[in-house]
$ cat data.cif   # mmCIF, N, CA and C atoms
data_model
loop_
_atom_site.label_atom_id
_atom_site.label_comp_id
_atom_site.auth_asym_id
_atom_site.auth_seq_id
_atom_site.Cartn_x
_atom_site.Cartn_y
_atom_site.Cartn_z
N MET T 1 -38.51 -14.77 -4.82
CA MET T 1 -37.38 -15.62 -4.50
C MET T 1 -36.13 -14.80 -4.21
N MET T 2 -35.83 -13.78 -5.02
CA MET T 2 -34.66 -12.95 -4.81
C MET T 2 -34.77 -12.21 -3.48
N GLU T 3 -35.98 -11.78 -3.10
CA GLU T 3 -36.17 -11.07 -1.84
C GLU T 3 -35.79 -11.96 -0.66
N ILE T 4 -36.14 -13.22 -0.70
CA ILE T 4 -35.79 -14.16 0.38
C ILE T 4 -34.28 -14.28 0.48
N MET T 5 -33.60 -14.41 -0.65
CA MET T 5 -32.15 -14.54 -0.64
C MET T 5 -31.49 -13.27 -0.11
N THR T 6 -31.94 -12.11 -0.53
CA THR T 6 -31.37 -10.84 -0.10
C THR T 6 -31.55 -10.64 1.39
N ASN T 7 -32.69 -11.04 1.93
CA ASN T 7 -32.95 -10.87 3.36
C ASN T 7 -32.06 -11.75 4.22
N SER T 8 -31.51 -12.82 3.68
CA SER T 8 -30.68 -13.70 4.46
C SER T 8 -29.20 -13.31 4.39
N LEU T 9 -28.90 -12.21 3.71
CA LEU T 9 -27.53 -11.76 3.58
C LEU T 9 -27.21 -10.66 4.58
N ALA T 10 -25.99 -10.65 5.07
CA ALA T 10 -25.51 -9.55 5.91
C ALA T 10 -25.14 -8.40 4.98
N SER T 11 -25.10 -7.20 5.53
CA SER T 11 -24.83 -6.03 4.72
C SER T 11 -23.80 -5.14 5.42
N LEU T 12 -22.93 -4.53 4.62
CA LEU T 12 -21.91 -3.63 5.15
C LEU T 12 -21.79 -2.45 4.20
N ARG T 13 -21.88 -1.24 4.74
CA ARG T 13 -21.67 -0.04 3.93
C ARG T 13 -20.30 0.52 4.25
N ILE T 14 -19.60 0.86 3.19
CA ILE T 14 -18.26 1.41 3.34
C ILE T 14 -18.12 2.64 2.45
N ARG T 15 -17.16 3.48 2.80
CA ARG T 15 -16.80 4.61 1.93
C ARG T 15 -15.35 4.38 1.55
N ILE T 16 -15.07 4.49 0.25
CA ILE T 16 -13.71 4.33 -0.24
C ILE T 16 -13.38 5.50 -1.18
N ASP T 17 -12.11 5.61 -1.52
CA ASP T 17 -11.69 6.58 -2.52
C ASP T 17 -12.44 6.24 -3.81
N PRO T 18 -13.23 7.18 -4.34
CA PRO T 18 -14.01 6.87 -5.55
C PRO T 18 -13.17 6.34 -6.71
N GLU T 19 -11.92 6.73 -6.78
CA GLU T 19 -11.04 6.24 -7.85
C GLU T 19 -10.70 4.77 -7.69
N GLN T 20 -11.00 4.20 -6.53
CA GLN T 20 -10.68 2.80 -6.25
C GLN T 20 -11.87 1.86 -6.40
N ILE T 21 -13.02 2.37 -6.83
CA ILE T 21 -14.23 1.53 -6.95
C ILE T 21 -13.98 0.35 -7.89
N TYR T 22 -13.40 0.62 -9.06
CA TYR T 22 -13.19 -0.47 -10.02
C TYR T 22 -12.15 -1.47 -9.52
N PHE T 23 -11.15 -0.98 -8.79
CA PHE T 23 -10.16 -1.88 -8.20
C PHE T 23 -10.84 -2.82 -7.21
N LEU T 24 -11.67 -2.27 -6.32
CA LEU T 24 -12.37 -3.10 -5.34
C LEU T 24 -13.27 -4.10 -6.05
N LYS T 25 -13.98 -3.67 -7.06
CA LYS T 25 -14.86 -4.58 -7.81
C LYS T 25 -14.05 -5.73 -8.41
N PHE T 26 -12.92 -5.41 -9.01
CA PHE T 26 -12.05 -6.41 -9.62
C PHE T 26 -11.57 -7.42 -8.57
N ILE T 27 -11.11 -6.93 -7.43
CA ILE T 27 -10.60 -7.82 -6.37
C ILE T 27 -11.72 -8.70 -5.82
N LEU T 28 -12.88 -8.12 -5.54
CA LEU T 28 -13.98 -8.91 -4.98
C LEU T 28 -14.49 -9.95 -5.97
N GLU T 29 -14.46 -9.64 -7.26
CA GLU T 29 -14.87 -10.64 -8.25
C GLU T 29 -13.90 -11.81 -8.28
N ALA T 30 -12.65 -11.59 -7.92
CA ALA T 30 -11.67 -12.67 -7.88
C ALA T 30 -12.00 -13.67 -6.76
N TYR T 31 -12.67 -13.20 -5.72
CA TYR T 31 -13.14 -14.07 -4.64
C TYR T 31 -14.56 -14.51 -5.00
N ASP T 32 -14.68 -15.51 -5.82
CA ASP T 32 -15.96 -15.96 -6.37
C ASP T 32 -17.02 -16.15 -5.29
N ASN T 33 -18.14 -15.47 -5.44
CA ASN T 33 -19.30 -15.58 -4.55
C ASN T 33 -19.07 -15.11 -3.12
N LEU T 34 -18.06 -14.24 -2.91
CA LEU T 34 -17.82 -13.72 -1.56
C LEU T 34 -18.83 -12.63 -1.22
N THR T 35 -19.01 -11.67 -2.14
CA THR T 35 -19.92 -10.55 -1.89
C THR T 35 -20.69 -10.17 -3.16
N ILE T 36 -21.76 -9.43 -2.93
CA ILE T 36 -22.45 -8.72 -3.99
C ILE T 36 -22.19 -7.25 -3.70
N MET T 37 -21.55 -6.57 -4.62
CA MET T 37 -21.19 -5.17 -4.41
C MET T 37 -22.13 -4.25 -5.18
N SER T 38 -22.63 -3.25 -4.50
CA SER T 38 -23.48 -2.24 -5.12
C SER T 38 -22.91 -0.85 -4.83
N THR T 39 -22.97 0.00 -5.83
CA THR T 39 -22.54 1.38 -5.64
C THR T 39 -23.74 2.19 -5.17
N VAL T 40 -23.62 2.79 -4.00
CA VAL T 40 -24.69 3.62 -3.44
C VAL T 40 -24.51 5.06 -3.92
N ASP T 41 -23.27 5.57 -3.86
CA ASP T 41 -22.97 6.93 -4.29
C ASP T 41 -21.58 6.92 -4.93
N ARG T 42 -21.53 6.97 -6.24
CA ARG T 42 -20.27 6.89 -6.98
C ARG T 42 -19.37 8.09 -6.69
N ILE T 43 -19.94 9.26 -6.54
CA ILE T 43 -19.17 10.48 -6.30
C ILE T 43 -18.49 10.43 -4.93
N GLU T 44 -19.22 9.98 -3.92
CA GLU T 44 -18.69 9.91 -2.56
C GLU T 44 -17.94 8.60 -2.28
N GLY T 45 -18.06 7.64 -3.17
CA GLY T 45 -17.40 6.35 -2.98
C GLY T 45 -18.09 5.45 -1.97
N VAL T 46 -19.40 5.60 -1.82
CA VAL T 46 -20.15 4.78 -0.87
C VAL T 46 -20.60 3.50 -1.56
N MET T 47 -20.22 2.38 -0.95
CA MET T 47 -20.51 1.07 -1.50
C MET T 47 -21.28 0.26 -0.46
N GLU T 48 -22.10 -0.67 -0.95
CA GLU T 48 -22.77 -1.61 -0.05
C GLU T 48 -22.37 -3.02 -0.48
N LEU T 49 -21.93 -3.79 0.49
CA LEU T 49 -21.56 -5.18 0.25
C LEU T 49 -22.56 -6.08 0.94
N LYS T 50 -23.05 -7.06 0.23
CA LYS T 50 -23.95 -8.07 0.81
C LYS T 50 -23.25 -9.42 0.70
N TYR T 51 -23.37 -10.19 1.75
CA TYR T 51 -22.65 -11.46 1.81
C TYR T 51 -23.32 -12.39 2.81
N PRO T 52 -23.10 -13.70 2.67
CA PRO T 52 -23.65 -14.63 3.65
C PRO T 52 -23.02 -14.35 5.03
N PRO T 53 -23.82 -14.33 6.07
CA PRO T 53 -23.30 -14.01 7.41
C PRO T 53 -22.10 -14.86 7.83
N GLU T 54 -22.06 -16.10 7.39
CA GLU T 54 -20.96 -16.97 7.78
C GLU T 54 -19.63 -16.58 7.12
N LEU T 55 -19.66 -15.68 6.15
CA LEU T 55 -18.44 -15.23 5.47
C LEU T 55 -17.98 -13.85 5.96
N GLU T 56 -18.58 -13.35 7.03
CA GLU T 56 -18.26 -12.00 7.50
C GLU T 56 -16.78 -11.82 7.81
N GLN T 57 -16.16 -12.77 8.47
CA GLN T 57 -14.72 -12.65 8.79
C GLN T 57 -13.89 -12.60 7.51
N ASP T 58 -14.25 -13.39 6.53
CA ASP T 58 -13.52 -13.39 5.25
C ASP T 58 -13.66 -12.03 4.55
N VAL T 59 -14.87 -11.50 4.51
CA VAL T 59 -15.11 -10.22 3.86
C VAL T 59 -14.31 -9.12 4.56
N LYS T 60 -14.40 -9.07 5.88
CA LYS T 60 -13.68 -8.03 6.62
C LYS T 60 -12.17 -8.21 6.52
N GLY T 61 -11.71 -9.44 6.42
CA GLY T 61 -10.29 -9.70 6.24
C GLY T 61 -9.77 -9.17 4.91
N VAL T 62 -10.53 -9.41 3.85
CA VAL T 62 -10.15 -8.92 2.52
C VAL T 62 -10.12 -7.39 2.54
N LEU T 63 -11.15 -6.78 3.13
CA LEU T 63 -11.22 -5.32 3.18
C LEU T 63 -10.09 -4.73 4.02
N GLN T 64 -9.80 -5.37 5.13
CA GLN T 64 -8.73 -4.88 6.01
C GLN T 64 -7.39 -4.89 5.28
N GLY T 65 -7.16 -5.90 4.47
CA GLY T 65 -5.92 -5.99 3.72
C GLY T 65 -5.75 -4.88 2.69
N MET T 66 -6.85 -4.25 2.29
CA MET T 66 -6.81 -3.18 1.28
C MET T 66 -7.19 -1.82 1.86
N ALA T 67 -7.42 -1.75 3.16
CA ALA T 67 -7.98 -0.54 3.78
C ALA T 67 -7.18 0.72 3.49
N GLN T 68 -5.87 0.64 3.58
CA GLN T 68 -5.05 1.83 3.37
C GLN T 68 -5.13 2.29 1.91
N ARG T 69 -5.01 1.37 0.99
CA ARG T 69 -5.08 1.72 -0.44
C ARG T 69 -6.43 2.32 -0.81
N LEU T 70 -7.50 1.73 -0.26
CA LEU T 70 -8.85 2.18 -0.58
C LEU T 70 -9.28 3.42 0.19
N LYS T 71 -8.51 3.78 1.23
CA LYS T 71 -8.92 4.84 2.17
C LYS T 71 -10.30 4.48 2.74
N LEU T 72 -10.39 3.23 3.17
CA LEU T 72 -11.66 2.62 3.58
C LEU T 72 -12.14 3.16 4.92
N GLU T 73 -13.42 3.42 4.96
CA GLU T 73 -14.11 3.85 6.18
C GLU T 73 -15.41 3.07 6.25
N GLU T 74 -15.65 2.40 7.36
CA GLU T 74 -16.92 1.68 7.54
C GLU T 74 -17.99 2.68 7.95
N ILE T 75 -19.15 2.57 7.34
CA ILE T 75 -20.27 3.46 7.63
C ILE T 75 -21.30 2.69 8.44
N ASN T 76 -21.69 3.24 9.58
CA ASN T 76 -22.75 2.60 10.36
C ASN T 76 -24.07 2.86 9.67
N SER T 77 -24.75 1.76 9.29
CA SER T 77 -26.02 1.94 8.57
C SER T 77 -27.19 1.81 9.49
#
$ encode --input "data.cif" --output "structure tokens"
Amino acid sequence: MMEIMTNSLASLRIRIDPEQIYFLKFILEAYDNLTIMSTVDRIEGVMELKYPPELEQDVKGVLQGMAQRLKLEEINS
């Protein structure tokens, strides 16, 4: 069942300042059910966000608003 749900989610990999991982987690948790955040590489600050495809604009909007603080870089996966 979880595999079916995961396959229907869009995915985005980003690199952020590793010191900002907890900040991003805190902010994303405030947006209830917007994303599922996973840490891919804590040292490098690589994160993977999974979200319903219909919320892509919302996810990217939230990230764009914090891009400078996070030193955000989108990674092509």
$ residues_around --input "data.cif" --residues "Val62 in chain T" --least-positions-apart "3" --cutoff "12 Å" --atoms "only C-alpha atoms" --output "list in words"
Leu24, Ile27, Leu28, Glu29, Ala30, Tyr31, Leu34, Thr35, Leu55, Glu56, Gln57, Asp58, Val59, Gly65, Met66, Ala67, Gln68, Leu70 and Leu72 of chain T
$ closest_residue --input "data.cif" --among "T:Glu74, T:Glu54, T:Ser11, T:Glu19" --to "Met37 in chain T" --atoms "only C-alpha atoms"
T:Ser11
$ atom_distance --input "data.cif" --atom1 "atom C of Leu9 in chain T" --atom2 "CA of Ile21 in chain T"
21.2 Å
$ closest_residue --input "data.cif" --among "T:Lys60, T:Asn76, T:Lys50, T:Arg69" --to "Ile16 in chain T" --atoms "all atoms listed in the file"
T:Arg69
$ resolve_selection --input "data.cif" --expression "the PyMOL selection byres (((chain T and resi 40 and name CA) around 12) and name CA)" --output "list of chain:residue names"
T:Leu12, T:Arg13, T:Ile14, T:Arg15, T:Ile16, T:Pro18, T:Ile21, T:Met37, T:Ser38, T:Thr39, T:Asp41, T:Arg42, T:Ile43, T:Glu44, T:Gly45, T:Val46, T:Met47, T:Glu48, T:Leu49, T:Ile75
$ atom_distance --input "data.cif" --atom1 "atom N of Asp17 in chain T" --atom2 "atom N of Glu73 in chain T"
7.0 Å
$ select_by_dssp --input "data.cif" --residues "chain T" --states "strand (DSSP E)" --output "ChimeraX atom specification"
/T:10-15,36-41,46-51,73-75
$ select_by_dssp --input "data.cif" --residues "range 7-66 of chain T" --states "helix (DSSP H, G or I)" --output "list of chain:residue names"
T:Asn7, T:Pro18, T:Glu19, T:Gln20, T:Ile21, T:Tyr22, T:Phe23, T:Leu24, T:Lys25, T:Phe26, T:Ile27, T:Leu28, T:Glu29, T:Ala30, T:Pro53, T:Glu54, T:Leu55, T:Glu56, T:Gln57, T:Asp58, T:Val59, T:Lys60, T:Gly61, T:Val62, T:Leu63, T:Gln64, T:Gly65, T:Met66
$ atom_distance --input "data.cif" --atom1 "CA of Ile36 in chain T" --atom2 "atom C of Tyr51 in chain T"
7.8 Å
